Structures are given as structure tokens and as C-alpha cells.
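Coordinates from target_2.pdb are shown below (PDB, C-alpha atoms).
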```pdb
ATOM      1  CA  MET Q   1      -8.475  31.284   7.054
ATOM      2  CA  GLY Q   2      -4.783  30.435   6.912
ATOM      3  CA  LYS Q   3      -5.300  26.680   6.935
ATOM      4  CA  GLU Q   4      -6.881  26.547   3.478
ATOM      5  CA  ALA Q   5      -4.104  28.615   1.924
ATOM      6  CA  LEU Q   6      -1.545  26.087   3.124
ATOM      7  CA  TYR Q   7      -3.273  22.817   2.202
ATOM      8  CA  HIS Q   8      -4.783  23.833  -1.129
ATOM      9  CA  PRO Q   9      -1.580  24.543  -3.141
ATOM     10  CA  PHE Q  10       0.142  21.488  -1.659
ATOM     11  CA  PHE Q  11      -2.656  19.186  -2.819
ATOM     12  CA  ILE Q  12      -2.695  20.826  -6.265
ATOM     13  CA  ILE Q  13       1.072  20.268  -6.659
ATOM     14  CA  LEU Q  14       0.703  16.608  -5.614
ATOM     15  CA  LEU Q  15      -2.152  16.105  -8.080
ATOM     16  CA  ILE Q  16      -0.104  17.582 -10.938
ATOM     17  CA  LEU Q  17       2.887  15.346 -10.102
ATOM     18  CA  LEU Q  18       0.659  12.269  -9.897
ATOM     19  CA  SER Q  19      -0.984  12.999 -13.229
ATOM     20  CA  VAL Q  20       2.407  13.384 -14.933
ATOM     21  CA  MET Q  21       3.492  10.013 -13.480
ATOM     22  CA  LEU Q  22       0.179   8.528 -14.644
ATOM     23  CA  LEU Q  23       0.923   9.605 -18.221
ATOM     24  CA  ILE Q  24       4.398   8.019 -18.057
ATOM     25  CA  CYS Q  25       2.743   4.825 -16.783
ATOM     26  CA  LEU Q  26       0.418   4.929 -19.779
ATOM     27  CA  ILE Q  27       3.467   5.099 -22.078
ATOM     28  CA  ARG Q  28       4.773   1.936 -20.374
ATOM     29  CA  ALA Q  29       1.401   0.241 -20.875
ATOM     30  CA  VAL Q  30       1.420   1.078 -24.585
ATOM     31  CA  LYS Q  31       5.087   0.138 -25.122
ATOM     32  CA  GLY Q  32       5.192  -3.068 -23.031
ATOM     33  CA  PRO Q  33       6.193  -5.956 -25.301
ATOM     34  CA  ARG Q  34       4.283  -8.655 -23.411
ATOM     35  CA  VAL Q  35       0.793  -8.884 -21.940
ATOM     36  CA  ALA Q  36       2.132  -9.095 -18.374
ATOM     37  CA  ASP Q  37       4.000  -5.795 -18.914
ATOM     38  CA  ARG Q  38       0.775  -4.046 -19.792
ATOM     39  CA  LEU Q  39      -1.040  -5.549 -16.825
ATOM     40  CA  VAL Q  40       1.714  -4.448 -14.417
ATOM     41  CA  ALA Q  41       1.494  -0.910 -15.810
ATOM     42  CA  VAL Q  42      -2.305  -0.890 -15.473
ATOM     43  CA  ASN Q  43      -1.966  -2.067 -11.867
ATOM     44  CA  MET Q  44       0.437   0.803 -11.132
ATOM     45  CA  MET Q  45      -1.962   3.270 -12.747
ATOM     46  CA  GLY Q  46      -4.726   1.964 -10.505
ATOM     47  CA  THR Q  47      -2.622   2.593  -7.411
ATOM     48  CA  MET Q  48      -1.831   6.166  -8.469
ATOM     49  CA  VAL Q  49      -5.484   6.875  -9.254
ATOM     50  CA  MET Q  50      -6.387   5.628  -5.762
ATOM     51  CA  VAL Q  51      -4.018   8.168  -4.191
ATOM     52  CA  MET Q  52      -5.459  10.889  -6.438
ATOM     53  CA  ILE Q  53      -9.020  10.084  -5.373
ATOM     54  CA  SER Q  54      -8.026  10.151  -1.685
ATOM     55  CA  ILE Q  55      -6.340  13.549  -2.129
ATOM     56  CA  LEU Q  56      -9.460  14.854  -3.894
ATOM     57  CA  ALA Q  57     -11.597  13.627  -0.990
ATOM     58  CA  LEU Q  58      -9.656  15.868   1.396
ATOM     59  CA  LEU Q  59      -9.367  18.736  -1.105
ATOM     60  CA  LEU Q  60     -13.093  18.903  -1.844
ATOM     61  CA  LYS Q  61     -14.045  17.882   1.745
ATOM     62  CA  GLU Q  62     -16.286  15.080   0.447
ATOM     63  CA  GLY Q  63     -15.829  12.014   2.661
ATOM     64  CA  TYR Q  64     -17.728   9.657   0.374
ATOM     65  CA  LEU Q  65     -14.985   9.837  -2.282
ATOM     66  CA  VAL Q  66     -12.942   7.498  -0.071
ATOM     67  CA  ASP Q  67     -15.686   4.862  -0.454
ATOM     68  CA  ILE Q  68     -15.254   5.147  -4.216
ATOM     69  CA  CYS Q  69     -11.523   4.674  -3.718
ATOM     70  CA  LEU Q  70     -12.111   1.443  -1.759
ATOM     71  CA  ILE Q  71     -14.390   0.093  -4.484
ATOM     72  CA  TYR Q  72     -11.819   1.134  -7.120
ATOM     73  CA  ALA Q  73      -9.169  -0.912  -5.284
ATOM     74  CA  MET Q  74     -11.408  -3.989  -5.257
ATOM     75  CA  ILE Q  75     -12.363  -3.657  -8.931
ATOM     76  CA  SER Q  76      -8.791  -3.133 -10.132
ATOM     77  CA  PHE Q  77      -7.640  -6.209  -8.178
ATOM     78  CA  LEU Q  78     -10.493  -8.223  -9.675
ATOM     79  CA  ALA Q  79      -9.658  -6.962 -13.171
ATOM     80  CA  VAL Q  80      -6.022  -8.069 -12.948
ATOM     81  CA  VAL Q  81      -6.951 -11.543 -11.655
ATOM     82  CA  VAL Q  82      -9.730 -12.102 -14.194
ATOM     83  CA  ILE Q  83      -7.773 -10.820 -17.214
ATOM     84  CA  SER Q  84      -4.736 -12.969 -16.443
ATOM     85  CA  LYS Q  85      -6.880 -16.089 -15.899
ATOM     86  CA  VAL Q  86      -8.751 -15.455 -19.164
ATOM     87  CA  TYR Q  87      -5.514 -14.862 -21.060
ATOM     88  CA  ILE Q  88      -4.002 -18.126 -19.745
ATOM     89  CA  GLY Q  89      -7.135 -19.936 -20.937
ATOM     90  CA  ILE Q  90      -7.019 -18.320 -24.389
ATOM     91  CA  TYR Q  91      -3.309 -19.068 -24.766
ATOM     92  CA  GLU Q  92      -3.714 -22.740 -23.865
ATOM     93  CA  GLU Q  93      -6.690 -23.140 -26.171
ATOM     94  CA  ARG Q  94      -4.775 -21.606 -29.088
ATOM     95  CA  HIS Q  95      -1.720 -23.703 -28.304
ATOM     96  CA  HIS Q  96      -3.715 -26.939 -28.202
ATOM     97  CA  SER Q  97      -5.545 -26.194 -31.426
ATOM     98  CA  LEU Q  98      -2.408 -25.181 -33.352
ATOM     99  CA  GLU Q  99      -0.132 -28.083 -32.470
ATOM    100  CA  ASN Q 100      -1.701 -30.994 -30.689
ATOM    101  CA  GLY Q 101       1.539 -32.832 -30.063
ATOM    102  CA  GLU Q 102       3.295 -30.142 -28.054
ATOM    103  CA  GLY Q 103       0.397 -28.979 -25.950
ATOM    104  CA  GLY Q 104       1.442 -30.674 -22.742
ATOM    105  CA  ASN Q 105       4.386 -28.312 -22.299
ATOM    106  CA  THR Q 106       2.464 -25.420 -20.793
ATOM    107  CA  ASP Q 107       0.276 -27.482 -18.461
ATOM    108  CA  GLU Q 108       3.092 -28.291 -16.057
ATOM    109  CA  ARG Q 109       3.929 -24.643 -15.418
ATOM    110  CA  GLY Q 110       0.437 -23.185 -15.477
TER     111      GLY Q 110
ATOM    112  CA  MET T 111      -3.059  28.384  12.811
ATOM    113  CA  ASN T 112      -1.449  27.342  16.057
ATOM    114  CA  ALA T 113       1.641  25.233  16.639
ATOM    115  CA  VAL T 114      -0.162  21.867  16.784
ATOM    116  CA  GLU T 115      -1.661  22.363  13.315
ATOM    117  CA  TRP T 116       1.704  23.367  11.910
ATOM    118  CA  ILE T 117       3.301  20.203  13.319
ATOM    119  CA  ARG T 118       0.442  18.126  11.901
ATOM    120  CA  PHE T 119       0.867  19.686   8.467
ATOM    121  CA  LEU T 120       4.628  19.121   8.509
ATOM    122  CA  ILE T 121       4.434  15.440   9.548
ATOM    123  CA  GLY T 122       1.661  14.697   7.044
ATOM    124  CA  SER T 123       3.458  16.406   4.185
ATOM    125  CA  VAL T 124       6.678  14.515   4.982
ATOM    126  CA  PHE T 125       4.785  11.219   4.677
ATOM    127  CA  LEU T 126       3.153  12.351   1.409
ATOM    128  CA  VAL T 127       6.496  13.387  -0.064
ATOM    129  CA  ILE T 128       8.002  10.014   0.928
ATOM    130  CA  GLY T 129       5.100   8.336  -0.884
ATOM    131  CA  MET T 130       5.753  10.441  -3.983
ATOM    132  CA  VAL T 131       9.450   9.523  -3.924
ATOM    133  CA  ILE T 132       8.513   5.844  -3.708
ATOM    134  CA  PHE T 133       6.130   6.204  -6.652
ATOM    135  CA  PHE T 134       8.892   7.864  -8.652
ATOM    136  CA  THR T 135      11.294   5.032  -7.764
ATOM    137  CA  GLU T 136       8.681   2.519  -8.871
ATOM    138  CA  LEU T 137       8.302   4.292 -12.216
ATOM    139  CA  PHE T 138      12.074   4.466 -12.694
ATOM    140  CA  GLY T 139      12.413   0.749 -11.916
ATOM    141  CA  VAL T 140       9.684  -0.183 -14.374
ATOM    142  CA  PHE T 141      11.496   1.666 -17.148
ATOM    143  CA  HIS T 142      14.968   0.531 -16.073
ATOM    144  CA  PHE T 143      14.517  -3.248 -15.933
ATOM    145  CA  LYS T 144      14.301  -5.278 -19.115
ATOM    146  CA  TYR T 145      11.990  -8.159 -18.263
ATOM    147  CA  VAL T 146       8.522  -8.458 -16.755
ATOM    148  CA  LEU T 147       9.505 -10.551 -13.757
ATOM    149  CA  ASN T 148      12.121  -7.923 -12.814
ATOM    150  CA  ARG T 149       9.720  -5.064 -13.462
ATOM    151  CA  MET T 150       7.124  -6.653 -11.209
ATOM    152  CA  HIS T 151       9.522  -6.363  -8.275
ATOM    153  CA  ALA T 152       9.661  -2.599  -8.684
ATOM    154  CA  ALA T 153       5.953  -2.292  -9.392
ATOM    155  CA  ALA T 154       4.859  -4.201  -6.288
ATOM    156  CA  MET T 155       6.721  -1.748  -4.054
ATOM    157  CA  GLY T 156       4.404   1.150  -4.899
ATOM    158  CA  ASP T 157       1.305  -0.972  -4.339
ATOM    159  CA  THR T 158       2.073  -1.506  -0.665
ATOM    160  CA  LEU T 159       4.683   0.957   0.631
ATOM    161  CA  GLY T 160       3.904   3.898  -1.676
ATOM    162  CA  ILE T 161       0.165   3.984  -1.173
ATOM    163  CA  SER T 162       0.380   3.227   2.547
ATOM    164  CA  SER T 163       2.823   6.107   3.067
ATOM    165  CA  CYS T 164       0.648   8.496   1.044
ATOM    166  CA  LEU T 165      -2.531   7.476   2.834
ATOM    167  CA  LEU T 166      -0.785   7.723   6.224
ATOM    168  CA  GLY T 167       0.020  11.355   5.404
ATOM    169  CA  LEU T 168      -3.589  11.973   4.365
ATOM    170  CA  MET T 169      -4.835  10.275   7.554
ATOM    171  CA  ILE T 170      -2.730  12.670   9.639
ATOM    172  CA  PHE T 171      -4.241  15.586   7.678
ATOM    173  CA  SER T 172      -7.776  14.306   8.090
ATOM    174  CA  GLY T 173      -7.751  13.759  11.848
ATOM    175  CA  LEU T 174      -9.750  11.167  13.747
ATOM    176  CA  ASN T 175     -12.970  10.404  11.855
ATOM    177  CA  PHE T 176     -14.569   7.845   9.542
ATOM    178  CA  THR T 177     -12.549   8.997   6.513
ATOM    179  CA  THR T 178      -9.369   7.940   8.323
ATOM    180  CA  LEU T 179     -10.895   4.525   9.069
ATOM    181  CA  LYS T 180     -11.813   4.015   5.406
ATOM    182  CA  MET T 181      -8.298   4.992   4.275
ATOM    183  CA  PHE T 182      -6.849   2.466   6.725
ATOM    184  CA  LEU T 183      -9.223  -0.134   5.251
ATOM    185  CA  ILE T 184      -7.871   0.612   1.744
ATOM    186  CA  VAL T 185      -4.303   0.095   2.951
ATOM    187  CA  VAL T 186      -5.178  -3.210   4.662
ATOM    188  CA  PHE T 187      -7.015  -4.414   1.558
ATOM    189  CA  LEU T 188      -4.016  -3.611  -0.648
ATOM    190  CA  TRP T 189      -1.663  -5.469   1.692
ATOM    191  CA  PHE T 190      -3.677  -8.600   0.928
ATOM    192  CA  ALA T 191      -4.498  -7.907  -2.724
ATOM    193  CA  SER T 192      -1.101  -6.825  -4.043
ATOM    194  CA  PRO T 193       0.807 -10.110  -3.383
ATOM    195  CA  VAL T 194      -2.067 -12.098  -4.875
ATOM    196  CA  SER T 195      -2.153 -10.026  -8.056
ATOM    197  CA  SER T 196       1.651 -10.205  -8.370
ATOM    198  CA  HIS T 197       1.462 -13.984  -8.015
ATOM    199  CA  VAL T 198      -1.245 -14.262 -10.669
ATOM    200  CA  LEU T 199       0.701 -12.016 -13.048
ATOM    201  CA  SER T 200       3.918 -13.991 -12.675
ATOM    202  CA  ARG T 201       1.933 -17.177 -13.222
ATOM    203  CA  LEU T 202       0.546 -15.683 -16.438
ATOM    204  CA  GLU T 203       4.076 -14.855 -17.570
ATOM    205  CA  ALA T 204       5.402 -18.336 -16.723
ATOM    206  CA  ALA T 205       2.495 -20.066 -18.444
ATOM    207  CA  THR T 206       2.585 -18.097 -21.682
ATOM    208  CA  ASN T 207       6.312 -17.490 -22.240
ATOM    209  CA  GLU T 208       7.935 -20.308 -24.198
ATOM    210  CA  HIS T 209      11.460 -18.891 -23.936
ATOM    211  CA  LEU T 210      11.463 -18.377 -20.174
ATOM    212  CA  SER T 211      14.833 -20.100 -19.775
ATOM    213  CA  ASN T 212      16.484 -17.251 -21.733
ATOM    214  CA  HIS T 213      15.652 -14.848 -18.894
ATOM    215  CA  CYS T 214      16.089 -16.883 -15.733
ATOM    216  CA  GLU T 215      17.245 -20.290 -14.477
ATOM    217  CA  LEU T 216      14.568 -22.960 -14.433
ATOM    218  CA  TYR T 217      14.464 -26.003 -12.165
ATOM    219  CA  GLU T 218      12.405 -29.094 -12.933
ATOM    220  CA  ASP T 219      11.915 -29.822  -9.260
ATOM    221  CA  VAL T 220      12.152 -27.798  -6.055
ATOM    222  CA  THR T 221      14.531 -30.332  -4.485
ATOM    223  CA  LEU T 222      17.158 -29.528  -7.155
ATOM    224  CA  LEU T 223      17.066 -25.844  -6.210
ATOM    225  CA  GLU T 224      17.285 -26.706  -2.503
ATOM    226  CA  ARG T 225      20.282 -28.963  -3.119
ATOM    227  CA  GLU T 226      22.082 -26.233  -5.090
ATOM    228  CA  LEU T 227      21.372 -23.643  -2.415
ATOM    229  CA  ALA T 228      22.710 -26.001   0.282
ATOM    230  CA  ALA T 229      25.873 -26.603  -1.757
ATOM    231  CA  ARG T 230      26.356 -22.860  -2.202
ATOM    232  CA  ARG T 231      25.899 -22.310   1.540
ATOM    233  CA  THR T 232      28.543 -24.889   2.482
ATOM    234  CA  GLU T 233      30.928 -23.303  -0.046
ATOM    235  CA  ASN T 234      30.427 -19.914   1.553
ATOM    236  CA  THR T 235      31.054 -21.184   5.063
ATOM    237  CA  MET T 236      34.191 -23.009   3.893
ATOM    238  CA  GLU T 237      35.479 -19.808   2.263
ATOM    239  CA  LYS T 238      34.823 -17.868   5.453
ATOM    240  CA  GLU T 239      36.678 -20.456   7.538
ATOM    241  CA  ALA T 240      39.596 -20.312   5.092
ATOM    242  CA  ASP T 241      39.623 -16.507   5.393
ATOM    243  CA  LEU T 242      39.597 -16.686   9.181
ATOM    244  CA  SER T 243      42.435 -19.191   9.370
TER     245      SER T 243
END
```
Kindly present the structure from the file in C-alpha cells form.
Amino acid sequence: MGKEALYHPFFIILLILLSVMLLICLIRAVKGPRVADRLVAVNMMGTMVMVMISILALLLKEGYLVDICLIYAMISFLAVVVISKVYIGIYEERHHSLENGEGGNTDERG
Amino acid sequence: MNAVEWIRFLIGSVFLVIGMVIFFTELFGVFHFKYVLNRMHAAAMGDTLGISSCLLGLMIFSGLNFTTLKMFLIVVFLWFASPVSSHVLSRLEAATNEHLSNHCELYEDVTLLERELAARRTENTMEKEADLS
């Protein structure tokens, strides 16, 4: 069938490009000087992995892979929110315990 | 393959390639900018426009079935989730960075910013009037 021969190489090329970009994203996540840098890079990686899963769902003709993609989107959103909340809490706790006098500085912004 | 399938393949692949270009732009922006709050601007673009363009191309490939509906649901979910996660991340950066004023201007109160913007606006209009006359 001619249809398969057209779609299959196109999807393979897209998957290779996406995986190369994923590796470059990982470099950004390792290099990032601040915590927010790393979280932004992880968020980008999550988006690219979602596209990869959706392409695989059409490539392998398995419709249920798109369900996994939806759940992946929800979990990666939850991870970003929870990690940043936890890190704000840890930072404020450390700040208060180290220097009690200056602790009020971060409360106004946070 | 008849003509309709060819047209479908072409339109879908154009959308997918646009999505790839947007992902590449996002990656370039993340490496090009020097500070997190600038990088976030580039990174939020791929979350909404990049993935919605890619999934639109895949929807055109897939035709009219439940897989298409689920892909549309992913796009709608990301439209809501991406601004919220960007907001939480920028809040994390503002709460934990002690030298934030080195990177951007800070205002104690919103009214100060509004006053400065109003002053800038009146300056601009006065310059335009001077140019016209």
C-alpha cells in the first residue's frame, strides 16, 4: 500500500528530530544556573515528549497511547506546580532559620 | 492513493513542520536569553503554539475519530495549564532570588508603575504632535 510508505518515513524523521531537540533540552536542564531554569527546561521536555507519544500513537496505530499522552500532560503540570511550591517553602524555612532578622524580605514577594 | 489523501498528507505535514520550526525557535530562545524570566517567554511559546500546531497536523492525518477528540483535549488542557505553570515558575523565581533588581526594574506598588506608564504615554503623544506640526 502506498499510504504506509509515505507516512512511515515522515514520522521516523520527525521522531529523530524531536529526540535530538530533547537531548539539547536536557543539556539546558543540567547547565541551568537556577532552579527555575531547570524547571523550565523540564517543562519543555515534557511538551516534546507529548508530541512524540502522539506521533507514536499514529505510527503504531494504537489509539490508547493518546490517553497516556493526556495523563502525561496532567502529571507534568502537577509536577511543576508541586516542585515550585515545595522549593519556595524550603527556601523560606532556610532563610528564617539562618537569619531571623531579615526573614520578612521574601514574604512580601512570595 | 487518490488526490484527497495527497492533499490531506500535504496539509498535515505543513502543520507538523510549522510545529517543529516553533520548537526549534523555542530551543534557540532558551539558549539565547541570559535570565530565567526572559527564557520563560520563549519556553511558553512551544507549550501552546508548538504543540497545538503539531497536534493539529496529527489530527488531520488521523481523520475523524476518538483519537482526534483526545488530541484536541490535550491541546485545550495545555492552553489552561501552561499559563498557570509559567505563573508559578516566575513566582518561584521572584520569591527566591535576592538580587532580582539586577535583572529587571522593581516597583514597590502597582500605582507607581501605572503613573510611570501614563507619563511615558503623554510624552509619546507630545512628541508625535511636535512631529506633526
Apply the PyMOL selection byres ((chain Q) within 9 of (chain T)) to the displayed file and report the matching residues as number ranges by chain. Q: 1-3, 6-7, 10, 14, 17-18, 21, 24-25, 28, 32, 34-37, 39-41, 43-44, 47-48, 50-51, 54-55, 57-58, 63-64, 66-67, 69-70, 73-74, 77-78, 80-81, 84-85, 87-88, 91-92, 105-110
Straight-line distance linking atom CA of Val220 of chain T with atom CA of His96 of chain Q, stated in Å to one decimal: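 Spanning atom CA of Val220 of chain T to atom CA of His96 of chain Q is a straight-line distance of 27.3 Å.
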Would you mind reading off the distance between atom CA of Ile71 of chain Q and atom CA of Phe182 of chain T, one decimal, in Å? 13.7 Å
Do you have the atom CA of Ile16 of chain Q-atom CA of Val131 of chain T distance handy? 14.3 Å
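Among Q:Leu22, Q:Arg94, Q:Leu15, Q:Pro9, the residue with the shortest atom-to-atom distance to Ile53 of chain Q, counting all atoms listed in the file, is Q:Leu15.
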For segment 117-136 of chain T, write N, CA and C atoms out as a compact mmCIF listing (two decimals), in the first residue's frame.
```
# COMPACT_ATOMS: atom_id res chain seq x y z
N ILE T 117 -3.73 15.53 -0.67
CA ILE T 117 -3.93 16.89 -0.12
C ILE T 117 -3.91 16.83 1.41
N ARG T 118 -4.52 15.77 1.96
CA ARG T 118 -4.54 15.61 3.42
C ARG T 118 -3.12 15.48 3.96
N PHE T 119 -2.33 14.65 3.29
CA PHE T 119 -0.94 14.45 3.74
C PHE T 119 -0.16 15.77 3.68
N LEU T 120 -0.37 16.52 2.59
CA LEU T 120 0.40 17.77 2.44
C LEU T 120 0.03 18.77 3.52
N ILE T 121 -1.28 18.96 3.76
CA ILE T 121 -1.71 19.96 4.76
C ILE T 121 -1.21 19.55 6.15
N GLY T 122 -1.38 18.25 6.48
CA GLY T 122 -0.94 17.78 7.80
C GLY T 122 0.55 17.93 7.98
N SER T 123 1.33 17.62 6.94
CA SER T 123 2.78 17.71 7.10
C SER T 123 3.22 19.16 7.20
N VAL T 124 2.49 20.09 6.53
CA VAL T 124 2.84 21.51 6.67
C VAL T 124 2.64 21.95 8.12
N PHE T 125 1.52 21.53 8.73
CA PHE T 125 1.30 21.90 10.13
C PHE T 125 2.37 21.30 11.04
N LEU T 126 2.76 20.03 10.78
CA LEU T 126 3.78 19.40 11.62
C LEU T 126 5.12 20.10 11.49
N VAL T 127 5.45 20.50 10.25
CA VAL T 127 6.74 21.18 10.05
C VAL T 127 6.73 22.55 10.73
N ILE T 128 5.57 23.24 10.69
CA ILE T 128 5.47 24.52 11.41
C ILE T 128 5.69 24.31 12.91
N GLY T 129 5.10 23.22 13.43
CA GLY T 129 5.30 22.91 14.86
C GLY T 129 6.76 22.66 15.18
N MET T 130 7.46 21.94 14.28
CA MET T 130 8.88 21.67 14.50
C MET T 130 9.68 22.97 14.50
N VAL T 131 9.35 23.87 13.55
CA VAL T 131 10.07 25.14 13.48
C VAL T 131 9.85 25.93 14.77
N ILE T 132 8.63 25.87 15.30
CA ILE T 132 8.36 26.61 16.55
C ILE T 132 9.12 25.99 17.71
N PHE T 133 9.22 24.66 17.74
CA PHE T 133 10.01 24.02 18.80
C PHE T 133 11.48 24.42 18.70
N PHE T 134 11.98 24.50 17.45
CA PHE T 134 13.37 24.88 17.28
C PHE T 134 13.59 26.32 17.75
N THR T 135 12.62 27.20 17.43
CA THR T 135 12.73 28.60 17.88
C THR T 135 12.74 28.69 19.39
N GLU T 136 11.89 27.87 20.02
CA GLU T 136 11.82 27.83 21.47
C GLU T 136 13.17 27.44 22.06
```
